[in-house]
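Structure data follow from final-v8.cif (mmCIF, C-alpha atoms):
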data_query
#
loop_
_atom_site.label_atom_id
_atom_site.label_comp_id
_atom_site.auth_asym_id
_atom_site.auth_seq_id
_atom_site.Cartn_x
_atom_site.Cartn_y
_atom_site.Cartn_z
CA SER O 25 0.00 0.00 0.00
CA ALA O 26 0.95 3.65 -0.25
CA MET O 27 1.46 3.93 3.53
CA ASN O 28 3.87 0.98 3.55
CA LYS O 29 5.95 2.66 0.84
CA LEU O 30 6.05 5.90 2.80
CA ARG O 31 6.88 4.26 6.13
CA VAL O 32 10.48 4.92 7.15
CA PRO O 33 12.31 1.81 8.48
CA GLU O 34 14.00 2.07 11.85
CA MET O 35 17.78 1.78 11.79
CA ASP O 36 18.06 -0.90 14.44
CA ARG O 37 15.30 -3.03 12.92
CA GLU O 38 16.71 -3.32 9.41
CA LYS O 39 16.00 -6.78 8.05
CA TYR O 40 18.89 -9.17 8.52
CA ASP O 41 19.83 -11.13 5.39
CA PRO O 42 21.83 -14.26 6.32
CA TYR O 43 22.39 -15.10 2.64
CA LEU O 44 24.05 -11.73 1.97
CA THR O 45 26.08 -12.03 5.16
CA GLY O 46 27.31 -15.43 4.01
CA ILE O 47 28.43 -13.97 0.67
CA VAL O 48 30.34 -11.25 2.53
CA GLY O 49 32.08 -13.92 4.63
CA VAL O 50 33.06 -15.93 1.54
CA LEU O 51 34.44 -12.84 -0.22
CA LEU O 52 36.39 -11.88 2.88
CA GLY O 53 37.99 -15.33 2.89
CA ILE O 54 38.89 -14.94 -0.79
CA LEU O 55 40.46 -11.54 -0.10
CA ILE O 56 42.60 -12.96 2.71
CA ALA O 57 43.65 -15.86 0.47
CA ILE O 58 44.75 -13.45 -2.27
CA LEU O 59 46.82 -11.44 0.20
CA ILE O 60 48.52 -14.61 1.45
CA LEU O 61 49.19 -15.65 -2.14
CA PHE O 62 50.79 -12.27 -2.82
CA ILE O 63 53.12 -12.63 0.15
CA TYR O 64 54.13 -16.14 -0.94
CA GLN O 65 54.75 -15.11 -4.54
CA PHE O 66 56.95 -12.20 -3.52
CA GLN O 67 58.96 -14.50 -1.29
CA VAL O 68 59.74 -16.94 -4.11
CA SER O 69 60.00 -14.43 -6.97
CA SER O 70 63.23 -13.32 -8.56
CA ASP O 71 64.75 -9.88 -8.00
CA GLU O 72 63.74 -8.84 -11.51
CA ILE O 73 60.07 -9.50 -10.79
CA VAL O 74 60.27 -7.69 -7.44
CA ASP O 75 61.85 -4.67 -9.15
CA ARG O 76 59.11 -4.71 -11.76
CA ALA O 77 56.53 -4.86 -8.98
CA SER O 78 57.56 -1.47 -7.62
CA THR O 79 57.13 0.03 -11.10
CA LEU O 80 53.85 -1.69 -11.87
CA PHE O 81 52.51 -0.99 -8.42
CA ARG O 82 52.38 2.75 -9.18
CA LEU O 83 49.66 2.08 -11.72
CA TYR O 84 47.47 0.31 -9.18
CA ARG O 85 48.21 2.41 -6.10
CA PRO O 86 45.32 4.94 -6.54
CA ALA O 87 42.83 2.08 -6.89
CA ILE O 88 44.28 0.40 -3.81
CA TYR O 89 43.82 3.63 -1.83
CA LEU O 90 40.15 3.83 -2.79
CA SER O 91 39.42 0.14 -2.22
CA PHE O 92 41.12 0.17 1.19
CA PHE O 93 39.26 3.33 2.14
CA SER O 94 35.97 1.66 1.18
CA LEU O 95 36.72 -1.03 3.80
CA LEU O 96 37.17 1.69 6.43
CA ILE O 97 33.89 3.34 5.44
CA ALA O 98 32.12 -0.03 5.71
CA ALA O 99 33.63 -0.50 9.18
CA ASP O 100 32.49 3.01 10.18
CA ILE O 101 28.92 2.35 8.98
CA SER O 102 28.80 -0.91 10.94
CA ALA O 103 30.11 0.88 14.04
CA PHE O 104 27.49 3.63 13.62
CA ARG O 105 24.70 1.10 13.43
CA LYS O 106 25.95 -0.94 16.37
CA THR O 107 26.36 2.08 18.64
CA GLY O 108 23.25 3.91 17.45
CA VAL O 109 24.93 6.93 15.84
CA ASN O 110 22.27 8.34 13.53
CA TYR O 111 24.41 8.78 10.44
CA ILE O 112 21.30 8.71 8.22
CA LEU O 113 19.97 11.87 9.85
CA ILE O 114 23.39 13.56 9.94
CA PHE O 115 24.11 12.85 6.26
CA GLU O 116 20.50 13.68 5.31
CA MET O 117 19.96 10.34 3.59
CA ASP O 118 16.63 8.95 2.48
CA PRO O 119 16.10 6.05 4.94
CA ARG O 120 14.14 4.12 2.31
CA LEU O 121 17.04 4.11 -0.17
CA HIS O 122 20.23 3.84 1.87
CA MET O 123 22.42 0.74 1.51
CA THR O 124 22.57 -1.77 4.34
CA SER O 125 25.79 -2.56 6.16
CA GLU O 126 26.02 -5.89 4.32
CA HIS O 127 25.74 -4.20 0.93
CA ILE O 128 28.50 -1.73 1.83
CA TRP O 129 30.78 -4.54 3.04
CA LEU O 130 29.99 -6.49 -0.12
CA PHE O 131 31.03 -3.58 -2.33
CA ALA O 132 34.16 -2.81 -0.26
CA ILE O 133 35.49 -6.38 -0.18
CA PHE O 134 34.67 -7.05 -3.82
CA SER O 135 36.44 -3.86 -4.94
CA ASN O 136 39.58 -4.95 -3.07
CA ILE O 137 39.45 -8.41 -4.66
CA PHE O 138 38.90 -6.84 -8.08
CA VAL O 139 41.93 -4.51 -7.82
CA LEU O 140 44.27 -7.10 -6.29
CA LEU O 141 43.37 -9.72 -8.90
CA PHE O 142 44.24 -7.34 -11.73
CA PHE O 143 47.51 -6.50 -10.02
CA TYR O 144 48.33 -10.17 -9.44
CA ILE O 145 47.62 -11.15 -13.05
CA ASP O 146 49.62 -8.20 -14.38
CA MET O 147 52.48 -8.96 -12.02
CA PHE O 148 52.92 -12.71 -12.21
CA LEU O 149 50.89 -14.12 -15.11
CA VAL O 150 51.02 -11.73 -18.09
CA ILE O 151 52.84 -8.60 -19.18
CA SER O 152 50.07 -6.31 -20.35
CA ASP O 153 52.21 -3.18 -20.90
CA GLY O 154 49.52 -1.04 -19.29
CA LEU O 155 46.47 -2.69 -20.86
CA LEU O 156 45.13 -4.35 -17.72
CA PRO O 157 45.21 -1.14 -15.63
CA VAL O 158 43.27 0.61 -18.40
CA ILE O 159 40.66 -2.16 -18.33
CA MET O 160 40.51 -2.03 -14.51
CA TYR O 161 40.03 1.74 -14.26
CA SER O 162 37.55 1.73 -17.15
CA SER O 163 35.51 -0.97 -15.41
CA LEU O 164 35.47 0.98 -12.15
CA LEU O 165 34.35 4.15 -13.93
CA LEU O 166 31.69 2.21 -15.84
CA TYR O 167 30.31 0.83 -12.58
CA ILE O 168 30.26 4.22 -10.86
CA PHE O 169 28.68 6.16 -13.75
CA ASN O 170 26.44 3.38 -15.06
CA PRO O 171 23.10 5.14 -15.74
CA LEU O 172 21.04 1.95 -15.71
CA PRO O 173 18.85 1.42 -12.60
CA ILE O 174 20.92 -1.56 -11.39
CA LEU O 175 23.79 -2.19 -8.97
CA GLN O 176 22.67 0.24 -6.24
CA PHE O 177 21.72 2.98 -8.69
CA GLU O 178 20.22 5.30 -6.04
CA ALA O 179 23.20 4.99 -3.69
CA ARG O 180 25.76 5.54 -6.46
CA PHE O 181 24.13 8.70 -7.77
CA TRP O 182 23.43 9.98 -4.27
CA ILE O 183 27.15 9.90 -3.47
CA LEU O 184 28.03 11.33 -6.90
CA GLY O 185 25.68 14.22 -6.25
CA ARG O 186 27.25 14.88 -2.86
CA ILE O 187 30.75 14.72 -4.35
CA ALA O 188 29.69 17.22 -7.01
CA ARG O 189 28.40 19.56 -4.29
CA SER O 190 31.68 19.31 -2.38
CA PHE O 191 33.56 20.24 -5.57
CA SER O 192 31.52 23.43 -5.92
CA PHE O 193 34.26 25.17 -3.89
CA GLY O 194 31.86 27.14 -1.73
CA LEU O 195 29.55 28.31 -4.51
CA LEU O 196 26.68 26.30 -2.99
CA GLU O 197 25.41 26.27 0.57
CA VAL O 198 27.70 24.06 2.66
CA ARG O 199 26.07 21.16 4.46
CA PHE O 200 27.59 18.61 6.81
CA THR O 201 27.99 15.98 4.09
CA ASP O 202 29.78 18.50 1.86
CA PHE O 203 32.55 19.36 4.29
CA TRP O 204 32.74 15.79 5.62
CA LEU O 205 33.47 14.55 2.09
CA ALA O 206 36.02 17.32 1.55
CA ASP O 207 37.77 16.19 4.73
CA GLN O 208 37.92 12.67 3.30
CA PHE O 209 39.56 14.05 0.16
CA ASN O 210 42.23 15.68 2.31
CA SER O 211 43.20 12.25 3.60
CA LEU O 212 43.10 10.98 0.00
CA ALA O 213 45.65 13.59 -1.11
CA SER O 214 48.02 10.79 -2.17
CA PHE O 215 45.30 9.52 -4.49
CA PHE O 216 45.10 12.90 -6.24
CA THR O 217 48.87 13.19 -6.70
CA ASP O 218 49.20 9.56 -7.83
CA ILE O 219 46.74 10.17 -10.67
CA ALA O 220 49.48 12.14 -12.41
CA SER O 221 51.84 9.16 -12.19
CA VAL O 222 49.21 6.85 -13.65
CA VAL O 223 48.57 9.23 -16.55
CA CYS O 224 52.30 9.51 -17.20
CA LEU O 225 52.87 5.76 -17.30
CA LEU O 226 49.74 4.81 -19.20
CA GLY O 227 50.20 7.67 -21.62
CA ARG O 228 53.87 6.79 -22.18
CA PHE O 229 54.83 10.31 -21.20
CA GLY O 230 58.06 9.61 -19.36
CA THR O 231 60.56 7.47 -17.60
CA LYS O 232 60.20 8.79 -14.06
CA VAL O 233 57.48 8.99 -11.47
CA VAL O 234 57.70 11.16 -8.38
CA ASP O 235 56.49 10.31 -4.88
CA ASP O 236 55.39 12.93 -2.40
CA TYR O 237 58.79 13.11 -0.70
CA SER O 238 61.31 11.50 -3.06
CA GLU O 239 62.17 11.04 -6.72
CA ILE O 240 62.69 7.50 -7.92
CA GLU O 241 63.85 6.44 -11.38
CA ILE O 242 61.86 3.50 -12.68
CA THR O 243 61.65 1.26 -15.72
CA ASN O 244 59.13 2.46 -18.25
CA LEU O 245 56.39 0.10 -19.34
CA SER O 246 56.72 1.32 -22.91
CA LYS O 247 59.59 1.39 -25.36
CA ASN O 248 58.59 4.87 -26.44
CA ASN O 249 60.60 7.12 -24.11
CA ASP O 250 60.78 10.28 -26.19
CA ILE O 251 57.42 11.86 -25.39
CA GLY O 252 58.35 13.60 -22.19
CA ASN O 253 59.44 13.23 -18.61
CA CYS O 254 56.96 13.13 -15.75
CA SER O 255 59.55 14.25 -13.24
CA GLU O 256 59.93 17.54 -15.08
CA ASN O 257 56.25 18.27 -14.40
CA ALA O 258 56.20 16.84 -10.86
CA PHE O 259 56.17 20.34 -9.35
CA ILE O 260 53.07 21.31 -11.34
CA PHE O 261 51.33 17.99 -10.62
CA LEU O 262 51.85 18.17 -6.88
CA LEU O 263 51.06 21.88 -6.71
CA THR O 264 47.78 21.65 -8.63
CA LEU O 265 46.37 18.26 -7.67
CA GLY O 266 47.67 18.41 -4.10
CA MET O 267 46.13 21.84 -3.65
CA VAL O 268 42.60 20.72 -4.53
CA PRO O 269 41.50 19.11 -1.19
CA PRO O 270 42.68 21.87 1.22
CA PHE O 271 41.47 24.62 -1.12
CA MET O 272 38.08 22.91 -1.28
CA ARG O 273 37.74 23.04 2.51
CA PHE O 274 39.14 26.57 2.66
CA THR O 275 36.42 27.86 0.33
CA GLN O 276 33.75 25.96 2.24
CA CYS O 277 34.84 27.60 5.50
CA VAL O 278 34.75 31.04 3.89
CA ARG O 279 31.26 30.31 2.55
CA ARG O 280 30.09 29.24 6.02
CA TYR O 281 31.44 32.49 7.43
CA LEU O 282 29.61 34.53 4.78
CA ASP O 283 26.36 32.65 5.46
CA THR O 284 26.51 32.80 9.26
CA ASP O 285 28.69 35.87 9.94
CA GLN O 286 30.48 33.79 12.60
CA PHE O 287 34.21 34.43 12.54
CA TRP O 288 34.67 31.62 15.04
CA PRO O 289 34.85 28.79 14.17
CA HIS O 290 34.65 29.16 10.39
CA MET O 291 37.49 31.56 9.64
CA TRP O 292 39.71 29.88 12.21
CA ASN O 293 39.02 26.62 10.41
CA ALA O 294 39.82 28.33 7.11
CA GLY O 295 43.17 29.32 8.60
CA LYS O 296 43.84 25.67 9.39
CA TYR O 297 43.34 24.70 5.76
CA LEU O 298 45.43 27.66 4.68
CA THR O 299 48.33 26.02 6.52
CA GLY O 300 47.56 22.88 4.52
CA MET O 301 47.87 24.80 1.25
CA ILE O 302 51.17 26.28 2.44
CA LYS O 303 52.35 22.74 3.18
CA VAL O 304 51.49 21.63 -0.36
CA VAL O 305 53.46 24.53 -1.87
CA CYS O 306 56.49 23.82 0.31
CA SER O 307 56.30 20.09 -0.48
CA ALA O 308 56.30 20.85 -4.21
CA LEU O 309 59.28 23.17 -3.77
CA PHE O 310 61.03 20.47 -1.75
CA ILE O 311 60.66 17.99 -4.63
CA LYS O 312 61.80 20.46 -7.28
CA TYR O 313 64.75 21.78 -5.24
CA SER O 314 65.55 18.73 -3.14
CA ASP O 315 69.27 19.55 -3.21
CA GLN O 316 68.72 22.97 -1.61
CA THR O 317 68.78 23.39 2.18
CA TRP O 318 66.18 26.16 2.15
CA SER O 319 63.60 23.82 0.55
CA LEU O 320 64.08 21.33 3.40
CA VAL O 321 63.69 24.10 6.00
CA LEU O 322 60.45 25.31 4.37
CA TYR O 323 59.20 21.72 4.15
CA ILE O 324 59.79 21.08 7.85
CA LEU O 325 58.38 24.42 9.05
CA SER O 326 55.24 24.11 6.92
CA HIS O 327 54.62 20.57 8.14
CA ILE O 328 55.09 21.59 11.78
CA LEU O 329 52.60 24.43 11.33
CA ALA O 330 50.01 22.28 9.54
CA SER O 331 50.37 19.30 11.89
CA THR O 332 50.00 21.46 14.99
CA ALA O 333 46.92 23.26 13.66
CA THR O 334 45.14 20.13 12.47
CA ILE O 335 45.77 18.02 15.56
CA LEU O 336 44.59 20.75 17.93
CA TRP O 337 41.45 21.19 15.85
CA ASP O 338 40.85 17.42 15.85
CA TYR O 339 40.98 17.21 19.64
CA LEU O 340 39.34 20.46 20.67
CA LYS O 341 36.71 21.08 17.99
CA ASP O 342 35.94 18.02 15.86
CA TRP O 343 36.13 15.54 18.76
CA GLY O 344 35.31 17.94 21.60
CA PHE O 345 37.92 16.49 23.96
CA PHE O 346 39.96 18.00 26.82
CA ASN O 347 37.06 19.91 28.39
CA SER O 348 35.57 17.24 30.63
CA SER O 349 35.56 17.13 34.40
CA LYS O 350 34.58 13.49 34.93
CA ASN O 351 36.12 11.45 32.08
CA ARG O 352 39.78 12.06 32.82
CA TRP O 353 42.89 9.90 32.53
CA PHE O 354 46.02 11.63 33.79
CA CYS O 355 46.19 14.86 31.75
CA LEU O 356 43.84 13.58 29.01
CA SER O 357 40.16 14.30 29.39
CA LEU O 358 37.29 13.26 27.16
CA ARG O 359 33.77 14.56 26.69
CA ASP O 360 31.20 14.22 29.46
CA GLU O 361 28.97 12.28 27.06
CA LEU O 362 30.42 9.25 25.30
CA ILE O 363 28.83 6.36 23.44
CA LEU O 364 31.50 3.68 23.86
CA ASP O 365 31.69 2.16 27.34
CA HIS O 366 35.41 1.50 27.24
CA HIS O 367 37.31 4.78 27.31
CA TYR O 368 40.60 3.28 26.18
CA TYR O 369 39.22 3.35 22.59
CA TYR O 370 39.23 7.13 22.77
CA TYR O 371 42.69 7.30 24.32
CA PHE O 372 43.98 5.00 21.59
CA ALA O 373 42.45 7.36 18.99
CA ILE O 374 44.15 10.34 20.64
CA ILE O 375 47.55 8.66 20.59
CA GLU O 376 47.36 7.21 17.06
CA ASN O 377 46.07 10.51 15.70
CA LEU O 378 49.07 12.27 17.21
CA ILE O 379 51.56 9.72 15.82
CA ILE O 380 50.16 9.60 12.29
CA ARG O 381 49.82 13.39 12.06
CA TRP O 382 53.58 13.60 12.68
CA ILE O 383 54.70 10.52 10.76
CA TRP O 384 56.18 12.76 8.06
CA ILE O 385 59.19 13.09 10.39
CA LEU O 386 59.90 9.40 9.83
CA ALA O 387 59.75 9.96 6.07
CA ILE O 388 62.44 12.65 6.36
CA ILE O 389 64.62 10.40 8.52
CA LEU O 390 64.31 7.50 6.07
CA LYS O 391 65.16 9.74 3.12
CA TYR O 392 68.23 11.50 4.48
CA ASN O 393 69.71 8.58 6.40
CA LYS O 394 69.15 6.21 3.47
CA LEU O 395 67.72 3.53 5.73
CA ILE O 396 65.79 2.01 2.84
CA ALA O 397 66.67 1.44 -0.79
CA GLU O 398 65.30 3.88 -3.33
CA LYS O 399 63.34 1.15 -5.07
CA ASP O 400 61.49 0.45 -1.80
CA VAL O 401 60.30 4.02 -1.30
CA VAL O 402 57.17 3.22 -3.30
CA TRP O 403 56.17 0.74 -0.57
CA THR O 404 56.88 3.09 2.33
CA THR O 405 54.81 5.75 0.58
CA LEU O 406 51.96 3.24 0.41
CA ILE O 407 52.27 2.44 4.12
CA PHE O 408 52.22 6.10 5.13
CA ALA O 409 49.20 6.78 2.90
CA LEU O 410 47.28 3.77 4.28
CA LEU O 411 48.06 4.87 7.84
CA GLU O 412 46.60 8.29 7.05
CA LEU O 413 43.45 6.62 5.69
CA LEU O 414 43.26 4.49 8.84
CA ARG O 415 43.55 7.66 10.93
CA ARG O 416 40.69 9.18 8.95
CA GLY O 417 38.55 6.09 9.45
CA ILE O 418 38.95 6.36 13.24
CA TRP O 419 38.41 10.13 13.04
CA ASN O 420 35.15 9.53 11.19
CA PHE O 421 33.59 7.55 14.02
CA ILE O 422 34.50 10.00 16.78
CA ARG O 423 33.50 12.98 14.62
CA LEU O 424 30.07 11.49 13.85
CA GLU O 425 29.64 10.48 17.49
CA HIS O 426 30.33 14.07 18.56
CA GLU O 427 27.88 15.35 15.95
CA HIS O 428 25.23 12.88 17.09
CA LEU O 429 25.52 13.74 20.78
CA HIS O 430 25.77 17.51 20.29
CA ASN O 431 23.48 17.92 17.33
CA CYS O 432 22.24 21.40 18.10
CA GLY O 433 24.39 23.39 15.69
CA ASP O 434 23.54 25.04 12.41
CA PHE O 435 23.04 21.96 10.24
CA ARG O 436 20.15 19.80 11.47
CA VAL O 437 18.16 19.91 14.75
CA MET O 438 18.73 23.53 15.72
CA ARG O 439 18.42 25.43 18.94
CA ARG O 440 18.16 28.77 17.18
CA ILE O 441 15.64 29.45 14.41
CA SER O 442 15.97 32.41 12.08
CA PHE O 443 12.82 34.57 12.12
CA LYS O 444 12.03 38.24 11.85
CA LYS O 445 9.91 40.47 14.02
CA LYS O 446 7.18 41.63 11.64
CA ASP O 447 3.49 41.80 12.47
CA SER O 448 3.02 40.76 16.07
CA GLU O 449 5.34 41.67 18.91
CA ASP O 450 3.48 39.22 21.15
CA ASP O 451 4.03 36.32 18.76
CA TYR O 452 7.71 37.18 18.59
CA GLU O 453 8.13 37.24 22.36
CA MET O 454 6.19 33.98 22.76
CA LEU O 455 8.44 32.19 20.24
CA VAL O 456 11.54 33.42 22.06
CA LYS O 457 10.20 32.02 25.34
CA ILE O 458 9.45 28.65 23.73
CA MET O 459 12.94 28.37 22.27
CA ASP O 460 14.54 29.29 25.59
CA ARG O 461 12.77 26.38 27.26
CA VAL O 462 14.34 23.84 24.89
CA ASP O 463 17.68 23.00 26.45
CA ASP O 464 20.57 21.07 24.92
CA ASP O 465 19.81 17.89 26.91
CA GLU O 466 16.28 17.78 25.51
CA ILE O 467 17.58 18.16 21.96
CA ARG O 468 20.00 15.26 22.49
CA ARG O 469 17.16 13.11 23.79
CA MET O 470 15.19 14.01 20.65
CA ASN O 471 18.15 12.92 18.51
CA ARG O 472 18.41 9.56 20.27
CA LYS O 473 14.71 8.90 19.72
CA LEU O 474 15.29 9.39 16.00
CA VAL O 475 17.77 6.49 15.95
#
Any chance you could put this one into structure tokens?
Amino acid sequence: SAMNKLRVPEMDREKYDPYLTGIVGVLLGILIAILILFIYQFQVSSDEIVDRASTLFRLYRPAIYLSFFSLLIAADISAFRKTGVNYILIFEMDPRLHMTSEHIWLFAIFSNIFVLLFFYIDMFLVISDGLLPVIMYSSLLLYIFNPLPILQFEARFWILGRIARSFSFGLLEVRFTDFWLADQFNSLASFFTDIASVVCLLGRFGTKVVDDYSEIEITNLSKNNDIGNCSENAFIFLLTLGMVPPFMRFTQCVRRYLDTDQFWPHMWNAGKYLTGMIKVVCSALFIKYSDQTWSLVLYILSHILASTATILWDYLKDWGFFNSSKNRWFCLSLRDELILDHHYYYYFAIIENLIIRWIWILAIILKYNKLIAEKDVVWTTLIFALLELLRRGIWNFIRLEHEHLHNCGDFRVMRRISFKKKDSEDDYEMLVKIMDRVDDDEIRRMNRKLV
């Protein structure tokens, strides 16, 4: 009936599908088996194949970033549902159309299997000279932009629409989902910069590919080496593509300030992303002038500034920590209201966030002390990038938890309503009295009832 179609399902009563859960378990086992097979093959492979792996791996690294990040998003969604964080309300989803946790896990695990299988075949079974990566990326794009009403059509185009809004660079009204997605892109900065390397190799444009903190000479996949050199354009690639995520958030913060006329927190937040843009410029200069001492000094100073600003904002604003009187462990204090019963999860998040925000120091030490071979830098770059994605996955849960518990800001359930005093002074005064009676605790109780 019409009423059944309009009825909104409750989050904690979503129908459990044991068949779909079984498929997820089987795919997870296949993914683990492929990873074990990779480790075994690398152990028994010759040095020539291992050297080729570091070259070929650059073609697949952006896809690996996205597939690994999809696993973290699936884990976040499962954690939201288990703990009752109302992510559907916060992200303004249609409850009748959103994907279940099993569907998200199914997509995430299958995408990892898909990427790793292509890499395995290209590495150990055939020499495709760039053909298999083209097929892989084309298949992924075809799935994402497939206009047919199949394969989670509503969910795919919902996320595409939100991504398009986040790329409006502040021209549209900024909602929570817009700046949340832009924050995800900041952790996917390595994905943006690696796109240039993929284009260079697949397009046969050069014989070198540049990482974010070192320059490594590699074997070209093509015999045609006279079209150009990617390393010559590395400065432009890193400066333009690396600038996109922080500039996106910077413009969103400025737009929020113009809409609300609130200097705090929006312009302070814009200043934080301004330090991120400065870091990108100094990183590009460091790659172009790696033999100059001044480029190293600028690199270190810009990273210190950006790391300090972002980590303080994580703790004090996004997570709302260090202002509690009852949840305290030594000098670390949490919020008064927490969802997880065991507080050591939060202390672990505080510590790992601090370490990963400053892990660039280890990259500098490895580079200048030559503790690893140049051919292995591609793998350390991967590890650092995956650690940053892991940090973002943990950040996502605590950020959404904070938003759920203190959801009385300017985005959803609001304490303040914009209205003008026009016809009746009595009506105006009565509305003010009503709003004053609604306290923050009552709003939080309203939010929990919506879960």
* Structure fact -> Here CA of Leu90 (chain O) and CA of Asn210 (chain O) stand apart by 13.1 Å
* To do: Would you write out, as a PyMOL selection string, every residue that the PyMOL selection byres ((chain O and resi 86) around 8) captures in this file?
  => chain O and resi 82-85+87-90+214-216+218-219
Determine the residue set returned by the PyMOL selection byres ((chain O and resi 413) around 12) for the present structure, and present it as a PDB file with C-alpha atoms, in the frame of the given file.
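Generated file (part23.pdb):
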ATOM      1  CA  ILE O  88      44.280   0.400  -3.810  1.00  0.00           C
ATOM      2  CA  TYR O  89      43.820   3.630  -1.830  1.00  0.00           C
ATOM      3  CA  LEU O  90      40.150   3.830  -2.790  1.00  0.00           C
ATOM      4  CA  SER O  91      39.420   0.140  -2.220  1.00  0.00           C
ATOM      5  CA  PHE O  92      41.120   0.170   1.190  1.00  0.00           C
ATOM      6  CA  PHE O  93      39.260   3.330   2.140  1.00  0.00           C
ATOM      7  CA  SER O  94      35.970   1.660   1.180  1.00  0.00           C
ATOM      8  CA  LEU O  95      36.720  -1.030   3.800  1.00  0.00           C
ATOM      9  CA  LEU O  96      37.170   1.690   6.430  1.00  0.00           C
ATOM     10  CA  ILE O  97      33.890   3.340   5.440  1.00  0.00           C
ATOM     11  CA  ASP O 207      37.770  16.190   4.730  1.00  0.00           C
ATOM     12  CA  GLN O 208      37.920  12.670   3.300  1.00  0.00           C
ATOM     13  CA  PHE O 209      39.560  14.050   0.160  1.00  0.00           C
ATOM     14  CA  ASN O 210      42.230  15.680   2.310  1.00  0.00           C
ATOM     15  CA  SER O 211      43.200  12.250   3.600  1.00  0.00           C
ATOM     16  CA  LEU O 212      43.100  10.980   0.000  1.00  0.00           C
ATOM     17  CA  ALA O 213      45.650  13.590  -1.110  1.00  0.00           C
ATOM     18  CA  SER O 214      48.020  10.790  -2.170  1.00  0.00           C
ATOM     19  CA  PHE O 215      45.300   9.520  -4.490  1.00  0.00           C
ATOM     20  CA  ASN O 377      46.070  10.510  15.700  1.00  0.00           C
ATOM     21  CA  ILE O 380      50.160   9.600  12.290  1.00  0.00           C
ATOM     22  CA  ARG O 381      49.820  13.390  12.060  1.00  0.00           C
ATOM     23  CA  LEU O 406      51.960   3.240   0.410  1.00  0.00           C
ATOM     24  CA  ILE O 407      52.270   2.440   4.120  1.00  0.00           C
ATOM     25  CA  PHE O 408      52.220   6.100   5.130  1.00  0.00           C
ATOM     26  CA  ALA O 409      49.200   6.780   2.900  1.00  0.00           C
ATOM     27  CA  LEU O 410      47.280   3.770   4.280  1.00  0.00           C
ATOM     28  CA  LEU O 411      48.060   4.870   7.840  1.00  0.00           C
ATOM     29  CA  GLU O 412      46.600   8.290   7.050  1.00  0.00           C
ATOM     30  CA  LEU O 414      43.260   4.490   8.840  1.00  0.00           C
ATOM     31  CA  ARG O 415      43.550   7.660  10.930  1.00  0.00           C
ATOM     32  CA  ARG O 416      40.690   9.180   8.950  1.00  0.00           C
ATOM     33  CA  GLY O 417      38.550   6.090   9.450  1.00  0.00           C
ATOM     34  CA  ILE O 418      38.950   6.360  13.240  1.00  0.00           C
ATOM     35  CA  TRP O 419      38.410  10.130  13.040  1.00  0.00           C
ATOM     36  CA  ASN O 420      35.150   9.530  11.190  1.00  0.00           C
TER      37      ASN O 420
END
* Expand the PyMOL selection byres ((chain O and resi 192-203) around 7) into the individual residues it matches in the shown file, reporting them as a PyMOL selection string. => chain O and resi 115+186+188-191+204-207+272-273+275-276+279-280+435
* To do: List the neighbours of Leu309 (chain O) out to 9 Å using only C-alpha atoms; skip same-chain residues closer than 3 positions along the sequence, and give me the result as a ChimeraX atom specification.
  => /O:259,263,304-306,312-314,319-320,322-323
* Could you work out how far CA of Ile335 (chain O) lies from CA of Ile383 (chain O), giving the answer in Å with one decimal? -> 12.6 Å
* Just how far from CA of Val150 (chain O) is CA of Ile63 (chain O), in Å to one decimal? ->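 A separation of 18.4 Å between them.
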Work out where the centre of an axis-aligned box around every listed atom of region 335-354 of chain O lies and how long its edges are once 5 Å is added on each side; give both in Å to one decimal as JSON.
{"center_x": 40.3, "center_y": 15.5, "center_z": 25.2, "size_x": 21.4, "size_y": 21.3, "size_z": 29.4}
* Asked: Neighbours of Tyr371 (chain O) within 10 Å (only C-alpha atoms; same-chain residues fewer than 3 positions away dropped), as a ChimeraX atom specification?
  -> /O:353,356-358,366-368,374-377
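Among the candidates O:Ile187, O:Leu52, O:Val401, O:Ala387, the residue lying nearest to Leu130 (chain O) is O:Leu52 (atoms considered: only C-alpha atoms).
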* With all atoms listed in the file as the basis for distance, which of O:Ile302, O:Val223, O:Leu378, O:Ile56 is at the shortest distance from Leu325 (chain O)? ->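 So, comparing all the options, the nearest one is O:Ile302.
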* Asked: Quick one: residues within 10 Å of Ser125 (chain O), only C-alpha atoms counted, chain neighbours fewer than 4 positions away excluded, as a list in words?
  ->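 In the requested format, the answer is Glu38, Tyr40, Thr45, Ala98, Ala99, Asp100, Ile101, Ser102, Ala103, Phe104, Arg105, Trp129 and Leu130 of chain O.
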